[in-house]
Amino acid sequence: MPRIYFDNAATTPLDVRVAAAMRPALEENWGNPSSLHEEGRRARQAVEHARSQVASLLAADPTEITFTASGTEADNLALYGLLAATGFAGHLITSAIEHPAVLECCRRLQRQGVELTELPVTPEGIVDPDDLRQALRPETRLVSIMAANNVLGTLQPIDELAAISRRHGALFHTDAVQAAGKVPFDLRRQPIDLVSLSAHKLHGPKGMGALYVRRGVRLAPLVAGGGQESGLRSGTENVAGIVGFGAAAEIARNEMAGESARLVQLRDHLIDSVAATLPHAYLIGDRYRRLPGHVCLGFAGQEGEAIKLLLELDQAGIAVSSGSACSAQHSGQPSYVLEALGFDPYRARGSLRITLGRFNTREEVDRFLEILPRAVASMRSIHSLAQPV
Ligand code: PLP
């Protein structure tokens with residue numbers, strides 16, 4: 001039986017069309033894009049074509065896209081770059097459920113003198129716009145709220161949050177690493193100033209990110225050097241990675257409408273079937289305001305066993321996650337995201353994240369639905385054996 005990969009929020013398989021687009025950049029078009037000769041010019045052309053493909057995914061101008069080496073670096077460039085440009089003064093607002101790429105950067109800025117507010121979320125994992133209204137101050141420089149959460153899959157009301165921020169004179173950044181290519185963006189009408197992206201979450205290569213910077217917004221670079229990427233990100237460009245990112249962005253944009261509808265159907269079939277067959281299973285995060293292929297489940301009374309369930313499913317040939325990709329380093333510890341929803345430390349140790357992507361099928365979902373109850377039942381027996389009688 002071939003394995004089933006249901007961990008697309010951690011990373012996605014490279015699309016063969018992306019690999020095909022990258023091959024010439026590795027084998028023929030290996031020039032340095034800063035060189036003036038023909039080899040260099042060809043590489044430059046490939047980079048600029050990819051820049052316009054990534055820009056189109058957001059309906060942005062290509063001059064507003066800066067390539068980075070990861071989504072993490074894009075987040076750091078947005079936050080650190082903006083606050084460094086203003087001498088680490090002022091106030092920064094984020095949410096309690098951001099990815100560590102944002103949260104750890106915010107805490108670092110706090111140690112350097114920036115005032116930090118972490119907004120709570122509702123039990124469904126959504127930031128309440130009223131909480132943002134109350135937190136904004138005259139000295140608030142930046143608000144950073146993710147478009148979609150990597151653990152829960154919940155979609156934040158970023159248009160409303162960005163509009164509130166702009167009315168108060170604060171800039172708005174969104175970490176769209178999980179959302180881009182799955183939900184539409186149109187930065188001609190969305191009042192968002194900075195957007196972070198990552199290629200490997202949309203069937204592109206790993207080690208490639210990008211930051212959208214609205215024209216007129218000034219950032220200090222994190223990396224000093226030869227002045228590539230308009231001085232914002234020095235270092236010779238990863239031409240093949242950039243070309244792959246461009247191809248992945250174009251495919252995601254062209255196929256988004258049909259693919260989202262397909263994934264929503266698979267996701268809802270999965271959620272409804274689990275609810276019908278496993279009465280102690282519960283969905284974590286808002287039922288409807290969630291990414292098309294994203295399901296986060298808890299199992300009442302078995303939350304502490306989530307890692308064992310993951311390993312049981314792995315043995316049965318199914319790859320899922322117990323929260324986020326980072327959990328391999330923090331397994332067994334409560335998730336700060338679940339704690340932010342109000343879960344106690346025991347319940348916060350357990351969730352099963354099932355994230356579907358472009359290459360998953362209805363047959364795979366049905367096979368998972370067959371195997372899951374057996375895997376859960378075997379946990380139950382371990383669990384009950386472990387209980388004092
Ligand atoms: N932001 C979110 C919401 C993520 O889910 C991730 C990766 O899991 C990142 C940022 C970091 O992206 P990268 O893996 O490209 O550094």
# chains A, B, ... in the order shown; residues from 1 in each chain; ligands from 1

$ residues_near_ligand --ligand "ligand 1" --cutoff "8 Å" --atoms "only C-alpha atoms and all ligand atoms" --output "VMD selection string"
chain A and resid 9 to 11 69 to 73 75 98 to 102 146 148 to 151 175 to 178 196 to 201 206 to 209 324 to 326

$ select_by_dssp --residues "region 170-234 of chain A" --states "strand (DSSP E)" --output "number ranges by chain"
A: 171-175, 194-198, 209-213

$ write_last_selection --atoms "N, CA and C atoms" --output "PDB file, in the first residue's frame"
ATOM      1  N   LEU A 171       1.031  50.380  10.707  1.00  0.00           N
ATOM      2  CA  LEU A 171       1.196  49.489   9.553  1.00  0.00           C
ATOM      3  C   LEU A 171       0.706  48.087   9.933  1.00  0.00           C
ATOM      4  N   PHE A 172       0.357  47.295   8.899  1.00  0.00           N
ATOM      5  CA  PHE A 172      -0.168  45.948   9.157  1.00  0.00           C
ATOM      6  C   PHE A 172       0.637  44.917   8.385  1.00  0.00           C
ATOM      7  N   HIS A 173       1.146  43.913   9.124  1.00  0.00           N
ATOM      8  CA  HIS A 173       1.860  42.778   8.524  1.00  0.00           C
ATOM      9  C   HIS A 173       1.030  41.515   8.718  1.00  0.00           C
ATOM     10  N   THR A 174       0.996  40.654   7.698  1.00  0.00           N
ATOM     11  CA  THR A 174       0.386  39.347   7.904  1.00  0.00           C
ATOM     12  C   THR A 174       1.335  38.248   7.459  1.00  0.00           C
ATOM     13  N   ASP A 175       1.457  37.214   8.307  1.00  0.00           N
ATOM     14  CA  ASP A 175       2.194  36.009   7.965  1.00  0.00           C
ATOM     15  C   ASP A 175       1.208  35.145   7.166  1.00  0.00           C
ATOM     16  N   LEU A 194       2.622  44.592   4.626  1.00  0.00           N
ATOM     17  CA  LEU A 194       3.719  43.615   4.566  1.00  0.00           C
ATOM     18  C   LEU A 194       3.115  42.205   4.607  1.00  0.00           C
ATOM     19  N   VAL A 195       3.572  41.325   3.709  1.00  0.00           N
ATOM     20  CA  VAL A 195       3.037  39.952   3.665  1.00  0.00           C
ATOM     21  C   VAL A 195       4.195  38.967   3.520  1.00  0.00           C
ATOM     22  N   SER A 196       4.241  37.960   4.406  1.00  0.00           N
ATOM     23  CA  SER A 196       5.294  36.934   4.326  1.00  0.00           C
ATOM     24  C   SER A 196       4.768  35.683   3.624  1.00  0.00           C
ATOM     25  N   LEU A 197       5.618  35.111   2.768  1.00  0.00           N
ATOM     26  CA  LEU A 197       5.259  33.904   2.012  1.00  0.00           C
ATOM     27  C   LEU A 197       6.383  32.877   2.135  1.00  0.00           C
ATOM     28  N   SER A 198       6.038  31.602   1.882  1.00  0.00           N
ATOM     29  CA  SER A 198       7.059  30.546   1.861  1.00  0.00           C
ATOM     30  C   SER A 198       6.724  29.578   0.733  1.00  0.00           C
ATOM     31  N   GLY A 209      11.599  32.015   0.504  1.00  0.00           N
ATOM     32  CA  GLY A 209      10.500  32.825   1.013  1.00  0.00           C
ATOM     33  C   GLY A 209      10.439  34.126   0.249  1.00  0.00           C
ATOM     34  N   ALA A 210       9.453  34.930   0.577  1.00  0.00           N
ATOM     35  CA  ALA A 210       9.372  36.267  -0.017  1.00  0.00           C
ATOM     36  C   ALA A 210       8.626  37.173   0.940  1.00  0.00           C
ATOM     37  N   LEU A 211       8.973  38.451   0.880  1.00  0.00           N
ATOM     38  CA  LEU A 211       8.233  39.452   1.647  1.00  0.00           C
ATOM     39  C   LEU A 211       7.684  40.495   0.677  1.00  0.00           C
ATOM     40  N   TYR A 212       6.362  40.698   0.747  1.00  0.00           N
ATOM     41  CA  TYR A 212       5.751  41.821   0.030  1.00  0.00           C
ATOM     42  C   TYR A 212       5.912  43.056   0.908  1.00  0.00           C
ATOM     43  N   VAL A 213       6.448  44.136   0.340  1.00  0.00           N
ATOM     44  CA  VAL A 213       6.610  45.401   1.071  1.00  0.00           C
ATOM     45  C   VAL A 213       5.909  46.482   0.248  1.00  0.00           C
TER      46      VAL A 213
END

$ closest_atom_pairs --of "region 9-123 of chain A" --to "region 233-256 of chain A" --cutoff "9 Å" --atoms "only C-alpha atoms" --output "tab-separated table"
residue	atom	partner	partner_atom	distance
A:Leu14	CA	A:Ala248	CA	8.7
A:Asp15	CA	A:Ala248	CA	7.6
A:Arg17	CA	A:Ala247	CA	7.7
A:Val18	CA	A:Gly244	CA	5.4
A:Ala19	CA	A:Gly244	CA	6.9
A:Ala20	CA	A:Gly244	CA	8.7
A:Ala21	CA	A:Gly244	CA	6.3
A:Met22	CA	A:Ala240	CA	5.2
A:Arg23	CA	A:Ala240	CA	7.5
A:Pro24	CA	A:Ala240	CA	8.1
A:Ala25	CA	A:Ala240	CA	4.9
A:Leu26	CA	A:Ala240	CA	5.8
A:Asn29	CA	A:Val239	CA	8.4
A:Trp30	CA	A:Val239	CA	7.6
A:Gly31	CA	A:Val239	CA	8.7
A:Asn32	CA	A:Thr236	CA	7.1
A:Pro33	CA	A:Glu237	CA	7.3
A:Ser34	CA	A:Thr236	CA	7.9
A:Ala43	CA	A:Val239	CA	6.9
A:Arg44	CA	A:Val239	CA	8.4
A:Ala46	CA	A:Val243	CA	6.5
A:Val47	CA	A:Val239	CA	6.2
A:His49	CA	A:Gly246	CA	7.5
A:Ala50	CA	A:Gly246	CA	4.1
A:Arg51	CA	A:Gly246	CA	6.5
A:Ser52	CA	A:Gly246	CA	7.7
A:Gln53	CA	A:Gly246	CA	5.0
A:Val54	CA	A:Gly246	CA	5.3
A:Ala55	CA	A:Ala249	CA	8.7
A:Ser56	CA	A:Glu250	CA	7.7
A:Leu57	CA	A:Arg253	CA	5.7
A:Thr66	CA	A:Arg233	CA	7.4
A:Phe67	CA	A:Ile242	CA	7.4
A:Thr68	CA	A:Arg233	CA	6.9
A:Ala69	CA	A:Asn238	CA	8.3
A:Leu77	CA	A:Arg233	CA	8.8

$ closest_residue --among "A:His91, A:Arg188, A:Arg141, A:Arg111" --to "Val217 (chain A)" --atoms "only C-alpha atoms"
A:Arg141

$ atom_distance --atom1 "CA of Ser165 (chain A)" --atom2 "CA of Tyr336 (chain A)"
25.4 Å

$ select_by_dssp --residues "region 50-270 of chain A" --states "helix (DSSP H, G or I)" --output "number ranges by chain"
A: 50-58, 62-64, 71-85, 100-111, 129-135, 158-167, 199-201, 229-231, 239-270

$ closest_residue --among "A:Ala377, A:Leu152, A:Leu313, A:Ile126" --to "Leu297 (chain A)" --atoms "only C-alpha atoms"
A:Leu152

$ closest_residue --among "A:Arg289, A:Arg358, A:Ala261, A:Arg167" --to "Ala147 (chain A)" --atoms "only C-alpha atoms"
A:Arg289

$ closest_residue --among "A:Ala89, A:Leu161, A:Ala276, A:Val16" --to "Pro373 (chain A)" --atoms "only C-alpha atoms"
A:Ala276

$ closest_residue --among "A:Glu305, A:Glu229, A:Asp366, A:Glu312" --to "Ile271 (chain A)" --atoms "only C-alpha atoms"
A:Asp366
